[in-house]
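Engineer: Structure below; questions to follow.
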Amino acid sequence: MKKFYFPILFFVLLCFSSCVDIEEHYDFKPDGSCNVVYDFDMSHAVSVLMNLMTDSVKETPQFGMVKDTTLNFYTALPDSTQQRMSLDEARMAQSSNLSIKMDLKKSIMKVSINHVAKNAADLEYYLKHLSKISMDSQLSAVTKSDKRARGFDAQQLVAGEDYYSYEITPHKFYRIIDKAKFNAFLKKTQSTLAMAKAMLIDMPYKVVLNFATPVKKVNNPKAVLSANRKRVTLETTMDDVIKNPSLMNLKIDF
């Protein structure tokens, strides 16, 4: 089972940085806990990539699989990744779920990662370590196994996730992009992003944060605050972020 889900995990990691519809949802509860969900809709990307696949690949049993399931995130990781994880990282992965809805012949590919953080410290740890847990040298091998998809290097994309710095307390959510690290990420993934654009794969991004108490202050002018001041929504695209990385900054006091 793990061998099957590893290619699925590759798609998840590929999406953390670009090439699909990405939505992050944060639901902060009155007790200080927070439910975090990363939703990835790769259906359009799959539809485009279908044109690169040979008929022989399309006729394989693996390509014809249909899945609608949820499994523990830890069990989806390769053994080599599990062995390198610290005890805290393993516990974090074990407390996260991976949901998959897939029907490649119908160009359906949707994945969600769900985690319930017990408190602000737990949430900050999760956000800082998720990409580190996901990284594995085998990711590149998955894409490079197909000569026509070699331009996509998932490991490079996931490595870029360290361009965020987080500061989270019971009454604030701060996420700041490090421009130097982001520029390094762009340089490293230039060919990947160019290929995505050439293949007409959109790169929208949306984050929704729901709070138990009204928001006192939000610093991003592009963020939309709901009428009851309990929801913050930020929508942008990778193209816009490349032009102005500060679009990704969020400083919310609540």
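Letters for chains follow the order of the structure tokens (A, B, ...), residue numbers begin at 1 for each chain, and ligand numbers begin at 1 in the order shown.
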Where in region 203-250 of chain A does DSSP assign alpha helix (DSSP H), given as number ranges by chain?
Structural biologist: A: 238-243
Engineer: Restricting the output to C-alpha atoms, write the selected residues as a CSV table (one decimal), in the first residue's frame.
Structural biologist:
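Output saved as again-v8.csv:
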```
chain,number,residue,atom,x,y,z
A,238,MET,CA,2.3,32.8,-7.8
A,239,ASP,CA,2.8,35.3,-10.7
A,240,ASP,CA,1.7,38.2,-8.4
A,241,VAL,CA,3.9,36.9,-5.5
A,242,ILE,CA,6.9,36.7,-7.8
A,243,LYS,CA,6.4,40.4,-8.6
```
Engineer: Residues within 10 Å of Thr69 (chain A), please, as number ranges by chain. Count only C-alpha atoms; anything in the same chain fewer than 3 positions from it doesn't count.
Structural biologist: A: 66, 98-102, 111
Engineer: May I have the selected residues written with C-alpha atoms, as a short mmCIF file (atom, residue, chain, number, x, y, z; two decimals), in the first residue's frame?
Structural biologist:
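File produced: again.cif:
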```
data_model
loop_
_atom_site.label_atom_id
_atom_site.label_comp_id
_atom_site.auth_asym_id
_atom_site.auth_seq_id
_atom_site.Cartn_x
_atom_site.Cartn_y
_atom_site.Cartn_z
CA VAL A 66 -9.99 5.19 -8.55
CA LEU A 98 -4.03 12.57 4.27
CA SER A 99 -7.25 12.44 2.21
CA ILE A 100 -7.15 11.47 -1.46
CA LYS A 101 -9.78 11.63 -4.18
CA MET A 102 -8.41 10.37 -7.47
CA VAL A 111 -5.66 15.90 -1.84
#
```
Engineer: Excluding region 45-62 of chain A and any residue of its chain fewer than 2 positions from it, enumerate the residues within 6 Å of it, using only C-alpha atoms, and give them as a list in words.
Structural biologist: Met42, Ser43, Gly64, Met65, Ser107 and Ile201 of chain A
Engineer: From the set A:Leu104, A:Asp68, A:Ile22, A:Leu250, which residue has the shortest atom-to-atom contact distance to Ile177 (chain A), counting only C-alpha atoms?
Structural biologist: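 Of the candidates, the smallest distance to Ile177 (chain A) is held by A:Leu250.
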Engineer: Find the residues near region 165-167 of chain A: any atom within 8 Å, counting only C-alpha atoms, skip ones fewer than 2 places away on the same chain, and give them as JSON, numbers by chain.
Structural biologist: {"A": [124, 127, 128, 162, 163, 169, 172, 173, 174, 175, 176, 177, 178]}
Engineer: Let's have the selection written as a PDB file, in the first residue's frame, with C-alpha atoms.
Structural biologist:
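Wrote selection-v6.pdb, looks like this:
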```pdb
ATOM      1  CA  GLU A 124       3.868  27.003  15.011  1.00  0.00           C
ATOM      2  CA  LEU A 127       3.948  24.931  10.125  1.00  0.00           C
ATOM      3  CA  LYS A 128       7.716  25.103  10.546  1.00  0.00           C
ATOM      4  CA  ASP A 162      11.552  27.395   4.373  1.00  0.00           C
ATOM      5  CA  TYR A 163      11.161  30.949   3.055  1.00  0.00           C
ATOM      6  CA  THR A 169       0.782  33.091  20.107  1.00  0.00           C
ATOM      7  CA  LYS A 172      -1.560  36.614  17.035  1.00  0.00           C
ATOM      8  CA  PHE A 173      -0.698  34.878  13.780  1.00  0.00           C
ATOM      9  CA  TYR A 174       2.364  36.288  12.029  1.00  0.00           C
ATOM     10  CA  ARG A 175       3.809  34.836   8.818  1.00  0.00           C
ATOM     11  CA  ILE A 176       6.581  36.752   7.046  1.00  0.00           C
ATOM     12  CA  ILE A 177       8.327  35.822   3.824  1.00  0.00           C
ATOM     13  CA  ASP A 178      12.117  36.041   3.762  1.00  0.00           C
TER      14      ASP A 178
END
```
Engineer: Can you list, as an MDAnalysis selection string, every protein, DNA or RNA residue that comes within 8 Å of Val215 (chain A) when you count only C-alpha atoms, leaving out same-chain residues fewer than 2 positions away?
Structural biologist: chainID A and resid 211 213 217:218 229:231 252:254
Engineer: Write the selection just made, keeping N, CA and C atoms, as a PDB file, in the first residue's frame?
Structural biologist:
```pdb
ATOM      1  N   PHE A 211     -11.423  32.798  13.161  1.00  0.00           N
ATOM      2  CA  PHE A 211     -11.038  33.013  14.550  1.00  0.00           C
ATOM      3  C   PHE A 211     -12.252  32.936  15.478  1.00  0.00           C
ATOM      4  N   THR A 213     -12.528  34.767  18.138  1.00  0.00           N
ATOM      5  CA  THR A 213     -12.789  36.134  18.606  1.00  0.00           C
ATOM      6  C   THR A 213     -12.521  37.117  17.469  1.00  0.00           C
ATOM      7  N   LYS A 217      -6.546  43.490  14.286  1.00  0.00           N
ATOM      8  CA  LYS A 217      -5.722  44.161  13.286  1.00  0.00           C
ATOM      9  C   LYS A 217      -5.173  43.144  12.303  1.00  0.00           C
ATOM     10  N   VAL A 218      -5.172  43.512  11.013  1.00  0.00           N
ATOM     11  CA  VAL A 218      -4.529  42.703   9.978  1.00  0.00           C
ATOM     12  C   VAL A 218      -3.754  43.647   9.073  1.00  0.00           C
ATOM     13  N   ARG A 229     -15.671  40.343  11.569  1.00  0.00           N
ATOM     14  CA  ARG A 229     -14.245  40.447  11.924  1.00  0.00           C
ATOM     15  C   ARG A 229     -13.667  39.139  12.462  1.00  0.00           C
ATOM     16  N   LYS A 230     -14.264  38.014  12.111  1.00  0.00           N
ATOM     17  CA  LYS A 230     -13.771  36.721  12.591  1.00  0.00           C
ATOM     18  C   LYS A 230     -13.164  35.867  11.476  1.00  0.00           C
ATOM     19  N   ARG A 231     -13.151  36.386  10.270  1.00  0.00           N
ATOM     20  CA  ARG A 231     -12.568  35.636   9.153  1.00  0.00           C
ATOM     21  C   ARG A 231     -11.690  36.550   8.317  1.00  0.00           C
ATOM     22  N   ILE A 252      -1.649  39.149  11.903  1.00  0.00           N
ATOM     23  CA  ILE A 252      -3.012  39.239  12.392  1.00  0.00           C
ATOM     24  C   ILE A 252      -3.020  39.206  13.912  1.00  0.00           C
ATOM     25  N   ASP A 253      -3.611  40.203  14.503  1.00  0.00           N
ATOM     26  CA  ASP A 253      -3.809  40.242  15.950  1.00  0.00           C
ATOM     27  C   ASP A 253      -5.296  40.019  16.233  1.00  0.00           C
ATOM     28  N   PHE A 254      -5.569  39.115  17.179  1.00  0.00           N
ATOM     29  CA  PHE A 254      -6.980  38.805  17.460  1.00  0.00           C
ATOM     30  C   PHE A 254      -7.194  38.587  18.954  1.00  0.00           C
TER      31      PHE A 254
END
```
Engineer: Using only C-alpha atoms, which of A:Ser95, A:Ser226, A:Asn183, A:Asn72 sits nearest Lys118 (chain A)?
Structural biologist: A:Ser95
Engineer: Could you name the residues that touch Asn220 (chain A) at 8 Å or less, counting only C-alpha atoms, but leaving out those on the same chain fewer than 5 positions away, as JSON, numbers by chain?
Structural biologist: {"A": [247, 249, 250, 251]}
Engineer: So, with only C-alpha atoms as the atoms that count, which of A:Ser131, A:Asp41, A:Pro30, A:Thr236 lies closest to Met109 (chain A)?
Structural biologist: A:Asp41
Engineer: Can you tell me, as a ChimeraX atom specification, what residues are no more than 10 Å from Tyr126 (chain A) when counting only C-alpha atoms, ignoring any on the same chain fewer than 2 positions away?
Structural biologist: /A:36,88-89,92-93,96,115-117,120-124,128-131,133
Engineer: As a count of residues only, please: every residue in region 2-126 of chain A that a backbone DSSP assignment puts in strand (DSSP E or B).
Structural biologist: 41
Engineer: For a test of reading the model, state the distance in Å between CA of Thr81 (chain A) and CA of Gln94 (chain A), rounded to one decimal.
Structural biologist: 13.2 Å
Engineer: State, in Å with one decimal place, the distance from CA of Tyr125 (chain A) to CA of Ala76 (chain A).
Structural biologist: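 These two atoms are separated by 20.2 Å.
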Engineer: Can you work out which one of A:Leu209, A:Phe182, A:Lys187, A:Glu23 has the shortest atom-to-atom distance to Ser246 (chain A), counting only C-alpha atoms?
Structural biologist: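 Of A:Leu209, A:Phe182, A:Lys187, A:Glu23, the one nearest Ser246 (chain A), counting only C-alpha atoms, is A:Phe182.
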